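One file, entry_31.cif, is given below (mmCIF, C-alpha atoms).
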```cif
data_protein
loop_
_atom_site.label_atom_id
_atom_site.label_comp_id
_atom_site.auth_asym_id
_atom_site.auth_seq_id
_atom_site.Cartn_x
_atom_site.Cartn_y
_atom_site.Cartn_z
CA MET R 1 -11.47 50.95 -13.06
CA THR R 2 -14.88 49.64 -12.18
CA VAL R 3 -17.70 52.13 -12.36
CA GLY R 4 -19.13 52.64 -8.89
CA GLY R 5 -16.34 50.67 -7.25
CA LEU R 6 -16.68 47.95 -4.66
CA ASP R 7 -20.05 49.03 -3.24
CA SER R 8 -21.86 48.72 -6.51
CA LEU R 9 -20.17 45.40 -7.25
CA LEU R 10 -21.42 44.07 -3.91
CA GLU R 11 -24.96 45.38 -4.31
CA ASP R 12 -26.56 42.16 -5.54
CA CYS R 13 -24.77 39.79 -3.14
CA THR R 14 -27.23 38.16 -0.74
CA GLN R 15 -24.47 36.38 1.20
CA CYS R 16 -26.02 33.02 0.38
CA GLY R 17 -22.62 31.36 0.70
CA LEU R 18 -22.78 29.21 -2.41
CA CYS R 19 -19.53 30.76 -3.63
CA ARG R 20 -17.68 29.57 -0.55
CA GLU R 21 -19.13 26.08 -0.92
CA VAL R 22 -17.47 25.65 -4.31
CA CYS R 23 -14.23 27.51 -3.53
CA ILE R 24 -11.30 25.13 -3.85
CA VAL R 25 -9.12 27.33 -1.66
CA GLU R 26 -11.70 27.37 1.15
CA ARG R 27 -12.03 23.63 0.86
CA LEU R 28 -8.35 23.34 1.70
CA GLY R 29 -8.82 25.41 4.83
CA ALA R 30 -7.48 28.69 3.50
CA HIS R 31 -9.60 31.83 3.22
CA SER R 32 -9.94 34.08 0.23
CA ILE R 33 -12.45 36.35 -1.46
CA THR R 34 -15.54 34.28 -0.71
CA SER R 35 -14.81 34.68 3.01
CA PHE R 36 -14.74 38.42 2.48
CA LEU R 37 -18.14 38.19 0.77
CA LEU R 38 -19.49 36.41 3.84
CA GLY R 39 -18.32 39.23 6.09
CA GLU R 40 -15.21 37.71 7.60
CA ASP R 41 -11.95 39.50 8.29
CA ASN R 42 -9.48 36.66 8.08
CA TYR R 43 -8.77 36.25 4.38
CA SER R 44 -6.35 37.23 1.62
CA SER R 45 -7.65 38.09 -1.83
CA TRP R 46 -4.21 37.11 -3.16
CA LEU R 47 -5.06 33.54 -2.13
CA CYS R 48 -7.69 33.43 -4.88
CA SER R 49 -6.50 31.23 -7.73
CA SER R 50 -8.81 32.93 -10.26
CA CYS R 51 -10.57 29.68 -11.11
CA TRP R 52 -13.93 31.48 -11.64
CA ARG R 53 -15.91 28.70 -10.00
CA CYS R 54 -17.65 31.02 -7.51
CA GLN R 55 -18.73 33.36 -10.25
CA GLU R 56 -20.05 30.45 -12.28
CA VAL R 57 -22.41 29.33 -9.52
CA CYS R 58 -23.46 32.72 -8.13
CA PRO R 59 -27.27 32.86 -8.45
CA GLN R 60 -27.16 36.67 -8.35
CA GLY R 61 -24.64 37.09 -11.13
CA VAL R 62 -22.22 39.00 -8.88
CA ASP R 63 -18.92 39.81 -10.60
CA ILE R 64 -16.82 38.18 -7.88
CA HIS R 65 -13.67 38.29 -10.00
CA ALA R 66 -13.96 42.08 -10.23
CA ILE R 67 -14.49 42.27 -6.46
CA MET R 68 -11.40 40.14 -5.94
CA VAL R 69 -9.36 42.45 -8.16
CA GLU R 70 -10.56 45.51 -6.21
CA LYS R 71 -9.69 43.86 -2.89
CA ARG R 72 -6.24 42.87 -4.12
CA ARG R 73 -5.39 46.51 -4.54
CA GLU R 74 -6.00 47.04 -0.83
CA GLU R 75 -3.38 44.43 0.04
CA ASP R 76 0.35 44.27 -0.59
CA PRO R 77 0.89 41.98 -3.58
CA PRO R 78 3.22 38.99 -3.26
CA VAL R 79 6.76 39.97 -4.21
CA ALA R 80 6.88 37.60 -7.18
CA HIS R 81 3.79 39.21 -8.71
CA GLU R 82 5.23 42.69 -8.42
CA ALA R 83 8.39 41.46 -10.14
CA ASN R 84 6.24 39.90 -12.84
CA LEU R 85 4.41 43.16 -13.43
CA ARG R 86 7.71 45.02 -13.65
CA ARG R 87 8.97 42.64 -16.34
CA VAL R 88 5.79 43.04 -18.36
CA LEU R 89 5.92 46.83 -18.16
CA GLU R 90 9.62 47.05 -18.93
CA SER R 91 10.01 44.49 -21.67
CA GLY R 92 6.52 43.67 -22.91
CA TYR R 93 6.99 40.06 -21.87
CA ALA R 94 6.34 38.21 -18.61
CA LEU R 95 9.19 35.91 -19.55
CA PRO R 96 11.55 38.12 -21.55
CA ILE R 97 12.95 36.38 -24.55
CA GLY R 98 16.69 35.75 -24.46
CA LYS R 99 19.09 36.74 -27.19
CA GLY R 100 19.74 33.13 -28.26
CA ILE R 101 16.11 32.56 -29.21
CA ASN R 102 16.45 33.15 -32.93
CA GLU R 103 19.38 30.73 -33.27
CA LEU R 104 17.25 28.11 -31.53
CA ARG R 105 14.21 28.89 -33.65
CA ALA R 106 16.33 28.53 -36.79
CA ILE R 107 17.39 25.04 -35.71
CA HIS R 108 13.74 24.06 -35.46
CA GLY R 109 12.85 25.69 -38.75
CA LEU R 110 10.89 28.52 -37.13
CA ASP R 111 10.98 32.12 -38.33
CA ALA R 112 12.90 34.67 -36.29
CA VAL R 113 11.01 36.78 -33.75
CA GLN R 114 11.62 40.46 -33.15
CA LEU R 115 13.68 40.87 -30.01
CA VAL R 116 13.44 44.49 -29.00
CA PRO R 117 9.93 45.88 -29.04
CA GLU R 118 11.26 49.29 -30.10
CA LYS R 119 10.14 51.04 -26.95
CA TRP R 120 6.48 50.69 -27.83
CA VAL R 121 5.59 49.31 -24.41
CA GLU R 122 6.92 52.39 -22.72
CA ILE R 123 5.20 54.63 -25.22
CA LEU R 124 1.93 52.74 -24.99
CA LEU R 125 1.86 52.75 -21.22
CA ARG R 126 3.06 56.30 -20.81
CA ALA R 127 0.15 57.30 -22.99
CA GLN R 128 -2.23 56.12 -20.31
CA ALA R 129 -2.24 58.92 -17.83
CA GLY R 130 -4.03 58.29 -14.57
CA GLN R 131 -3.89 56.64 -11.24
CA GLU R 132 -3.13 53.15 -12.46
CA LEU R 133 0.17 54.09 -14.01
CA GLY R 134 1.14 56.39 -11.20
CA GLY R 135 0.71 53.71 -8.52
CA MET W 1 -9.01 29.16 -43.60
CA ALA W 2 -6.02 30.81 -41.93
CA TYR W 3 -5.72 31.66 -38.25
CA THR W 4 -3.56 34.25 -36.55
CA TYR W 5 -1.42 32.43 -34.00
CA TYR W 6 -0.47 33.96 -30.67
CA PRO W 7 2.00 31.71 -28.82
CA GLY W 8 2.43 33.73 -25.61
CA CYS W 9 5.53 34.14 -23.45
CA SER W 10 5.63 30.67 -21.90
CA GLN W 11 5.84 29.02 -25.28
CA GLU W 12 9.06 30.86 -26.09
CA VAL W 13 10.73 30.08 -22.80
CA SER W 14 9.44 27.49 -20.33
CA THR W 15 7.17 25.30 -22.47
CA LYS W 16 8.72 25.36 -25.91
CA ALA W 17 7.47 21.83 -26.53
CA TYR W 18 3.90 23.17 -26.64
CA ASN W 19 4.81 25.69 -29.33
CA LEU W 20 6.81 23.17 -31.35
CA SER W 21 4.12 20.50 -31.23
CA THR W 22 1.45 23.06 -32.12
CA TRP W 23 3.28 23.97 -35.33
CA ALA W 24 3.93 20.31 -36.10
CA VAL W 25 0.33 19.26 -35.56
CA ALA W 26 -1.07 22.23 -37.47
CA GLY W 27 1.18 21.33 -40.41
CA ALA W 28 0.11 17.71 -40.39
CA LEU W 29 -3.59 18.59 -40.17
CA GLY W 30 -3.45 21.34 -42.78
CA LEU W 31 -4.39 24.01 -40.27
CA GLU W 32 -2.86 27.26 -41.49
CA LEU W 33 -1.36 29.30 -38.65
CA VAL W 34 0.27 32.68 -39.18
CA GLU W 35 2.17 33.91 -36.13
CA LEU W 36 1.17 37.40 -35.03
CA ASP W 37 4.09 39.64 -35.92
CA ASP W 38 5.65 41.57 -33.00
CA TRP W 39 3.20 40.28 -30.40
CA ASN W 40 3.58 41.25 -26.76
CA CYS W 41 2.69 39.58 -23.46
CA CYS W 42 -0.99 39.31 -22.46
CA GLY W 43 0.01 40.96 -19.20
CA THR W 44 -0.61 37.86 -17.04
CA SER W 45 -3.32 37.49 -14.44
CA PRO W 46 -1.54 38.95 -11.38
CA SER W 47 -0.62 42.04 -13.38
CA TYR W 48 -4.25 42.41 -14.37
CA SER W 49 -5.10 42.64 -10.68
CA LEU W 50 -2.55 45.41 -10.22
CA ARG W 51 -2.98 47.35 -13.46
CA SER W 52 -6.16 46.50 -15.33
CA LEU W 53 -5.98 49.37 -17.77
CA SER W 54 -2.42 48.57 -18.78
CA THR W 55 -3.39 44.94 -19.25
CA PHE W 56 -6.32 45.88 -21.47
CA ALA W 57 -4.03 48.15 -23.49
CA LEU W 58 -1.41 45.42 -23.92
CA ASN W 59 -4.05 42.99 -25.14
CA ALA W 60 -5.72 45.56 -27.36
CA ARG W 61 -2.35 46.07 -29.02
CA ASN W 62 -2.19 42.39 -29.95
CA LEU W 63 -5.80 42.42 -31.10
CA GLY W 64 -5.23 45.60 -33.09
CA LEU W 65 -2.17 44.11 -34.80
CA ALA W 66 -4.14 40.97 -35.63
CA GLU W 67 -6.99 43.04 -37.04
CA ARG W 68 -4.60 45.08 -39.16
CA HIS W 69 -2.43 42.27 -40.51
CA SER W 70 -4.96 39.48 -40.91
CA PRO W 71 -8.45 40.98 -41.09
CA GLY W 72 -11.19 38.42 -40.72
CA CYS W 73 -8.93 35.80 -39.15
CA ASP W 74 -9.55 34.41 -35.68
CA LEU W 75 -6.74 34.83 -33.16
CA VAL W 76 -5.73 31.43 -31.79
CA THR W 77 -3.83 30.91 -28.56
CA ILE W 78 -2.73 27.75 -26.78
CA CYS W 79 -2.53 29.15 -23.24
CA ASN W 80 -5.59 29.24 -20.99
CA GLY W 81 -4.24 32.35 -19.30
CA CYS W 82 -3.65 34.34 -22.50
CA PHE W 83 -6.96 33.06 -23.85
CA GLY W 84 -8.92 34.16 -20.78
CA ILE W 85 -7.47 37.64 -20.63
CA MET W 86 -7.67 38.33 -24.39
CA ASP W 87 -11.25 37.11 -24.43
CA LYS W 88 -12.01 39.32 -21.43
CA THR W 89 -10.40 42.31 -23.16
CA ASN W 90 -12.64 41.76 -26.16
CA ARG W 91 -15.76 41.56 -24.00
CA ARG W 92 -14.90 44.56 -21.86
CA LEU W 93 -14.01 46.72 -24.86
CA ALA W 94 -17.33 45.79 -26.48
CA GLU W 95 -19.42 46.76 -23.44
CA ASP W 96 -17.49 49.66 -21.89
CA ALA W 97 -17.32 52.83 -23.98
CA GLU W 98 -15.09 54.66 -21.51
CA LEU W 99 -12.56 51.86 -21.50
CA ARG W 100 -12.69 51.73 -25.29
CA GLU W 101 -11.88 55.42 -25.40
CA ARG W 102 -8.94 55.20 -22.99
CA VAL W 103 -7.46 52.16 -24.68
CA GLY W 104 -8.04 53.80 -28.05
CA GLU W 105 -6.08 56.88 -26.95
CA ALA W 106 -3.16 54.69 -25.89
CA LEU W 107 -3.16 52.73 -29.13
CA ALA W 108 -3.34 55.93 -31.17
CA VAL W 109 0.06 56.93 -29.78
CA ILE W 110 1.58 53.95 -31.59
CA ASP W 111 -0.57 54.55 -34.68
CA LEU W 112 -2.81 51.61 -34.02
CA GLU W 113 -6.51 51.13 -33.50
CA TYR W 114 -8.70 48.20 -32.62
CA ARG W 115 -12.25 48.07 -33.92
CA GLY W 116 -13.24 44.89 -32.08
CA SER W 117 -13.48 42.51 -35.01
CA VAL W 118 -11.07 39.78 -33.88
CA ARG W 119 -12.47 36.61 -32.32
CA VAL W 120 -10.19 35.07 -29.70
CA ARG W 121 -10.05 31.29 -29.63
CA HIS W 122 -8.21 28.38 -28.02
CA LEU W 123 -6.49 25.92 -30.33
CA LEU W 124 -8.17 22.92 -28.69
CA GLU W 125 -11.61 24.34 -29.41
CA VAL W 126 -10.58 25.17 -32.99
CA LEU W 127 -9.42 21.60 -33.59
CA VAL W 128 -12.56 20.10 -32.10
CA ASN W 129 -15.10 22.46 -33.67
CA ASP W 130 -13.54 23.70 -36.93
CA LEU W 131 -11.63 20.62 -38.04
CA GLY W 132 -13.78 18.07 -36.26
CA GLN W 133 -13.65 14.35 -35.66
CA GLU W 134 -13.66 13.11 -39.24
CA THR W 135 -10.88 15.37 -40.53
CA ILE W 136 -8.65 14.55 -37.59
CA GLN W 137 -9.30 10.81 -37.58
CA GLU W 138 -8.51 10.58 -41.29
CA LYS W 139 -4.95 11.62 -40.51
CA VAL W 140 -4.39 9.33 -37.52
CA THR W 141 -1.81 6.66 -38.35
CA HIS W 142 -0.78 5.65 -34.84
CA PRO W 143 -3.90 5.47 -32.65
CA LEU W 144 -3.02 5.68 -28.97
CA GLU W 145 -4.65 2.37 -28.12
CA GLY W 146 -4.18 1.29 -24.55
CA LEU W 147 -2.82 4.65 -23.40
CA GLN W 148 -4.68 5.71 -20.26
CA VAL W 149 -4.90 9.49 -20.43
CA ALA W 150 -6.54 11.82 -17.90
CA PRO W 151 -7.74 14.95 -19.73
CA TYR W 152 -6.82 17.95 -17.58
CA LEU W 153 -8.07 21.34 -18.75
CA GLY W 154 -7.88 23.53 -15.66
CA CYS W 155 -9.94 26.67 -15.23
CA ALA W 156 -9.73 29.35 -17.84
CA PHE W 157 -10.47 27.18 -20.86
CA SER W 158 -14.14 26.90 -19.95
CA ARG W 159 -14.54 29.56 -17.25
CA PRO W 160 -15.76 32.18 -17.90
CA SER W 161 -15.42 31.85 -21.67
CA GLY W 162 -18.44 29.61 -22.15
CA ILE W 163 -16.80 27.67 -25.01
CA ASP W 164 -17.34 24.39 -23.16
CA ASP W 165 -19.21 23.22 -20.07
CA ALA W 166 -17.87 25.22 -17.12
CA GLU W 167 -17.47 22.30 -14.73
CA PHE W 168 -17.29 19.30 -17.06
CA PRO W 169 -15.69 20.44 -20.31
CA THR W 170 -15.62 17.67 -22.89
CA ALA W 171 -13.41 19.02 -25.69
CA LEU W 172 -10.16 17.47 -24.53
CA GLY W 173 -11.64 14.07 -23.70
CA ASP W 174 -13.41 14.02 -27.07
CA LEU W 175 -10.23 14.80 -29.00
CA LEU W 176 -8.23 12.19 -27.09
CA SER W 177 -10.87 9.54 -27.74
CA TRP W 178 -10.87 10.41 -31.46
CA ILE W 179 -7.14 9.63 -31.63
CA GLY W 180 -7.61 6.27 -29.95
CA ALA W 181 -6.57 6.97 -26.36
CA ASP W 182 -8.35 5.38 -23.40
CA VAL W 183 -9.75 8.48 -21.77
CA VAL W 184 -9.84 8.19 -18.00
CA ASP W 185 -12.96 9.50 -16.33
CA TYR W 186 -11.46 12.50 -14.56
CA PRO W 187 -13.90 14.67 -12.59
CA LEU W 188 -11.13 17.12 -11.61
CA ARG W 189 -10.56 18.00 -15.25
CA ALA W 190 -11.61 21.63 -14.69
CA SER W 191 -10.32 21.96 -11.15
CA CYS W 192 -7.60 24.52 -10.50
CA CYS W 193 -3.85 23.76 -10.53
CA GLY W 194 -3.22 26.67 -8.18
CA GLY W 195 -2.19 28.91 -11.03
CA ILE W 196 -0.16 31.86 -9.90
CA LEU W 197 -0.33 30.82 -6.25
CA MET W 198 2.55 28.47 -6.95
CA MET W 199 4.76 31.47 -7.70
CA SER W 200 3.90 33.40 -4.56
CA ASP W 201 4.03 33.05 -0.81
CA LYS W 202 0.71 31.20 -1.05
CA LYS W 203 2.40 28.12 -2.42
CA GLU W 204 1.12 25.70 0.23
CA VAL W 205 -2.41 25.95 -1.17
CA ALA W 206 -1.19 25.33 -4.70
CA LEU W 207 0.82 22.27 -3.65
CA LYS W 208 -2.31 20.78 -2.07
CA LEU W 209 -4.32 21.43 -5.21
CA VAL W 210 -1.68 19.75 -7.37
CA HIS W 211 -1.49 16.85 -4.93
CA ASN W 212 -5.24 16.28 -5.30
CA LEU W 213 -5.05 16.42 -9.10
CA LEU W 214 -2.24 13.86 -9.22
CA ALA W 215 -3.76 11.58 -6.57
CA ASP W 216 -7.09 11.38 -8.37
CA ALA W 217 -5.51 10.79 -11.78
CA VAL W 218 -3.38 7.94 -10.40
CA ARG W 219 -6.31 6.48 -8.46
CA ARG W 220 -8.32 6.36 -11.66
CA GLY W 221 -5.62 4.49 -13.52
CA ALA W 222 -4.14 7.30 -15.63
CA SER W 223 -0.66 6.65 -16.98
CA CYS W 224 -0.30 10.31 -18.00
CA LEU W 225 -2.04 13.66 -17.87
CA ALA W 226 -2.88 15.65 -20.99
CA THR W 227 -2.88 19.43 -20.61
CA ALA W 228 -3.88 22.42 -22.73
CA CYS W 229 -2.24 25.24 -20.76
CA PRO W 230 1.42 25.97 -20.00
CA LEU W 231 0.68 27.13 -16.46
CA CYS W 232 -1.37 24.03 -15.56
CA HIS W 233 1.33 21.96 -17.21
CA LEU W 234 4.13 23.53 -15.21
CA ASN W 235 2.30 23.20 -11.91
CA VAL W 236 1.29 19.55 -12.29
CA GLU W 237 4.63 18.49 -13.77
CA ALA W 238 7.43 20.52 -12.23
CA TYR W 239 6.13 20.40 -8.65
CA GLN W 240 5.67 16.64 -8.35
CA GLY W 241 8.92 16.43 -6.37
CA GLN W 242 7.78 19.09 -3.92
CA VAL W 243 4.36 17.47 -3.63
CA ASN W 244 6.04 14.14 -2.86
CA ALA W 245 8.28 15.74 -0.25
CA ARG W 246 5.39 17.57 1.37
CA PHE W 247 2.79 14.77 1.37
CA GLY W 248 4.99 11.65 1.47
CA THR W 249 3.69 10.50 -1.90
CA ASP W 250 5.55 8.92 -4.79
CA PHE W 251 4.09 10.56 -7.88
CA SER W 252 6.01 10.25 -11.12
CA LEU W 253 3.29 10.88 -13.66
CA PRO W 254 4.23 12.03 -17.16
CA VAL W 255 2.42 15.21 -18.25
CA LEU W 256 2.03 15.88 -21.95
CA PHE W 257 0.53 18.68 -23.97
CA PHE W 258 -2.51 17.51 -25.93
CA THR W 259 -0.69 18.64 -29.07
CA GLN W 260 2.12 16.19 -28.31
CA LEU W 261 -0.29 13.27 -27.91
CA LEU W 262 -2.15 14.32 -31.05
CA GLY W 263 1.18 14.54 -32.88
CA VAL W 264 2.17 11.03 -31.81
CA SER W 265 -1.14 9.70 -33.19
CA LEU W 266 -0.43 11.50 -36.47
CA GLY W 267 2.91 9.70 -36.74
CA LEU W 268 5.07 12.77 -36.07
CA GLY W 269 8.56 12.41 -34.64
CA ARG W 270 9.96 13.01 -31.17
CA GLU W 271 11.95 16.11 -32.00
CA GLU W 272 9.25 18.01 -33.82
CA LEU W 273 6.88 17.34 -30.90
CA GLY W 274 9.41 18.48 -28.31
CA LEU W 275 9.34 15.05 -26.69
CA GLY W 276 12.29 14.32 -24.43
CA THR W 277 12.06 17.76 -22.82
CA GLU W 278 9.48 16.69 -20.24
CA LEU W 279 10.56 16.62 -16.59
CA VAL W 280 8.92 13.25 -15.97
CA SER W 281 9.96 11.16 -18.95
CA ALA W 282 7.21 9.87 -21.20
CA ALA W 283 9.63 7.94 -23.42
CA ALA W 284 8.76 4.45 -22.18
CA LEU W 285 5.06 5.27 -22.13
CA LEU W 286 4.99 6.50 -25.72
CA ALA W 287 7.50 4.03 -27.19
CA PRO W 288 4.83 1.49 -28.26
CA HIS W 289 3.03 4.25 -30.19
CA MET W 290 6.00 5.66 -32.04
CA THR W 291 7.71 4.16 -35.04
#
```

Please lay out the structure from this file as structure tokens.
Amino acid sequence: MTVGGLDSLLEDCTQCGLCREVCIVERLGAHSITSFLLGEDNYSSWLCSSCWRCQEVCPQGVDIHAIMVEKRREEDPPVAHEANLRRVLESGYALPIGKGINELRAIHGLDAVQLVPEKWVEILLRAQAGQELGG
Amino acid sequence: MAYTYYPGCSQEVSTKAYNLSTWAVAGALGLELVELDDWNCCGTSPSYSLRSLSTFALNARNLGLAERHSPGCDLVTICNGCFGIMDKTNRRLAEDAELRERVGEALAVIDLEYRGSVRVRHLLEVLVNDLGQETIQEKVTHPLEGLQVAPYLGCAFSRPSGIDDAEFPTALGDLLSWIGADVVDYPLRASCCGGILMMSDKKEVALKLVHNLLADAVRRGASCLATACPLCHLNVEAYQGQVNARFGTDFSLPVLFFTQLLGVSLGLGREELGLGTELVSAAALLAPHMT
């Protein structure tokens, strides 16, 4: 996805360590993407909580979030996240809406929502040929 | 001025009270919301890590529908997660021609296009900046005097969107003070709730983060937390029992959506604000403020 991949994303990093100083996960004794940036092997990019704090303080403007995303693809994702992705791709919703929803919405005076997305998700995603859909 | 409203999945399922109270508050304040017809999920943050292109396409579909049905209207969401990823989609599409082309091809299959004209916003920021203090205060009939509220915004409201200070966002505290609440000084207001870690095998880290959020709020005298994101809300509310079991604490802190607190100050009723559905009851806390 990212032009030039990981190497180009890492180009401006001077390993100053400020990112790890502000990382809430590191502060709790766990190791995530900022440990990777500082050259360590013991980390999991799936431990990143995506709080964007490291990116906010980076004096070099490194896109640490993009690096984290790239690294995540090298690791097996947690089972729950794979299941989540499957739901999104199959139904269009992370939390698929149950059949009783429109009765409940009527009680609260809300308009009905469309339940079945008429296969558009499948169509939309099938239209995107390429490695991301194949994987 | 009308806004296109994007509730997001959580608001239909796990945090209906946020959706309900949003509609109720918008009605009372004269804020015109039009729900985006046939919206789909924003893709969620873990899915973005696994399939960025699909996530951009899913979000571009929502943005394209908004552009088609309500041209010129801002798209308003109430979830930090949806907000962050829709905002990111907008930015990436604006700066990356190749991505624009690939997403455009996908949208074309469903006879849709997105020209990039929709501005993505968070309801809290809309209330604070578009309506403003005077308009809101005029409608307050039940100021929340004496209610000690810790304003908890979490990450994606202000990072990396830039709509508020990244580390010390003020929007939520400002709004709460306008409606009469005693706003607790809460330095962890933009600290992370653990987000998706709570739903994975990395839960231990998330439990510690939630423990710290609760401990600091209680230490500073908060009698409840106000939130502006369904994921933050779920983590700091639903996991209090597990935090207590893990750390030997005794937290029982009500957590309310900022729209619920705003609604109470506007004199709205329990049912229309989804009150009574919280996991840690706020009934006793709010009783003095409700007629």

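Proximity ranking of R:Cys54, R:Ala66, R:Val22, R:Cys16 relative to Gly39 in chain R places R:Cys16 first, based on only C-alpha atoms.
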
Item to complete: Report as an MDAnalysis selection string the full result of the PyMOL selection byres ((chain R) within 6 of (chain W)) when it is applied to this structure.
Response: chainID R and resid 49 51:52 69 78 80:81 85 92:93 95 124 127:128 132

Discussion item. One decimal, in Å: what's the spacing between CA of Ala245 in chain W and CA of Arg27 in chain R?
Written reply: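 Taking CA of Ala245 in chain W and CA of Arg27 in chain R, their separation equals 21.8 Å.
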
Item to complete: Identify, on the basis of all atoms listed in the file, every residue whose closest approach to Phe258 in chain W does not exceed 7 Å; exclude the query and any residue fewer than 2 positions from it along the same chain; express the result as JSON, numbers by chain.
Response: {"W": [226, 227, 228, 256, 260, 261, 262]}

Practice prompt. Dig up all the protein and nucleic acid residues within 10 Å of (-2.0, 3.2, -36.9) in the file frame, using all atoms listed in the file, and format them as a VMD selection string.
Written response: chain W and resid 139 to 145 179 to 180 265 to 267 289 to 291

Fill in: Distance in Å - CA of Pro7 in chain W versus CA of Leu225 in chain W
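Computing it gives 21.5 Å between the two atoms.
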
Worksheet item: Just how far from CA of Asn244 in chain W is CA of Gly81 in chain W, in Å to one decimal?
Response: 26.6 Å

Worksheet item: With distances taken over all atoms listed in the file, which of W:Val120, W:Leu33, W:Ala222, W:Leu176 is nearest to Gln137 in chain W?
Response: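 Using all atoms listed in the file, the shortest distance to Gln137 in chain W belongs to W:Leu176.
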
Discussion item. I'd like the neighbourhood of Ala2 in chain W as a PyMOL selection string, where a residue qualifies if any of its atoms comes within 8 Å (using only C-alpha atoms), though same-chain residues fewer than 5 positions away should be ignored.
Written reply: chain W and resi 31-34+73

Worksheet item: Hey, what comes out of the PyMOL selection byres ((chain R and resi 43) around 8) on this file? Could you write it as a ChimeraX atom specification?
Response: /R:30-33,35-36,40-42,44-45,47

Discussion item. If we count only C-alpha atoms and set the cut-off at 10 Å, which residues sit around Pro71 in chain W, ignoring sequence neighbours fewer than 5 positions away in its own chain? Please answer as an MDAnalysis selection string.
Written reply: chainID W and resid 4 64:66 117:118

Worksheet item: Do you know which residues the PyMOL selection byres ((chain R and resi 15) around 10) returns on this file, as a list of chain:residue names?
Response: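 For this structure, the PyMOL selection byres ((chain R and resi 15) around 10) resolves to R:Leu10, R:Asp12, R:Cys13, R:Thr14, R:Cys16, R:Gly17, R:Leu18, R:Cys19, R:Arg20, R:Thr34, R:Ser35, R:Leu37, R:Leu38, R:Gly39, R:Gln60.
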
Worksheet item: Out of W:Ala283, W:Val210, W:Ile85, W:Leu29, which residue has the shortest atom-to-atom distance to Glu138 in chain W when counting all atoms listed in the file?
Response: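 Using all atoms listed in the file, the shortest distance to Glu138 in chain W belongs to W:Leu29.
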
Worksheet item: What's the 12 Å shell around Glu11 in chain R, counting all atoms listed in the file, without same-chain residues fewer than 4 positions away, as a VMD selection string?
Response: chain R and resid 4 to 7 15 37 60 to 64 67

Practice prompt. Would you list the contacts of Leu188 in chain W as a VMD selection string, taking every protein, DNA or RNA residue within 9 Å and counting all atoms listed in the file, but skipping same-chain residues closer than 6 positions in sequence?
Written response: chain W and resid 152 to 154 167 to 168 212 to 213 216 to 217
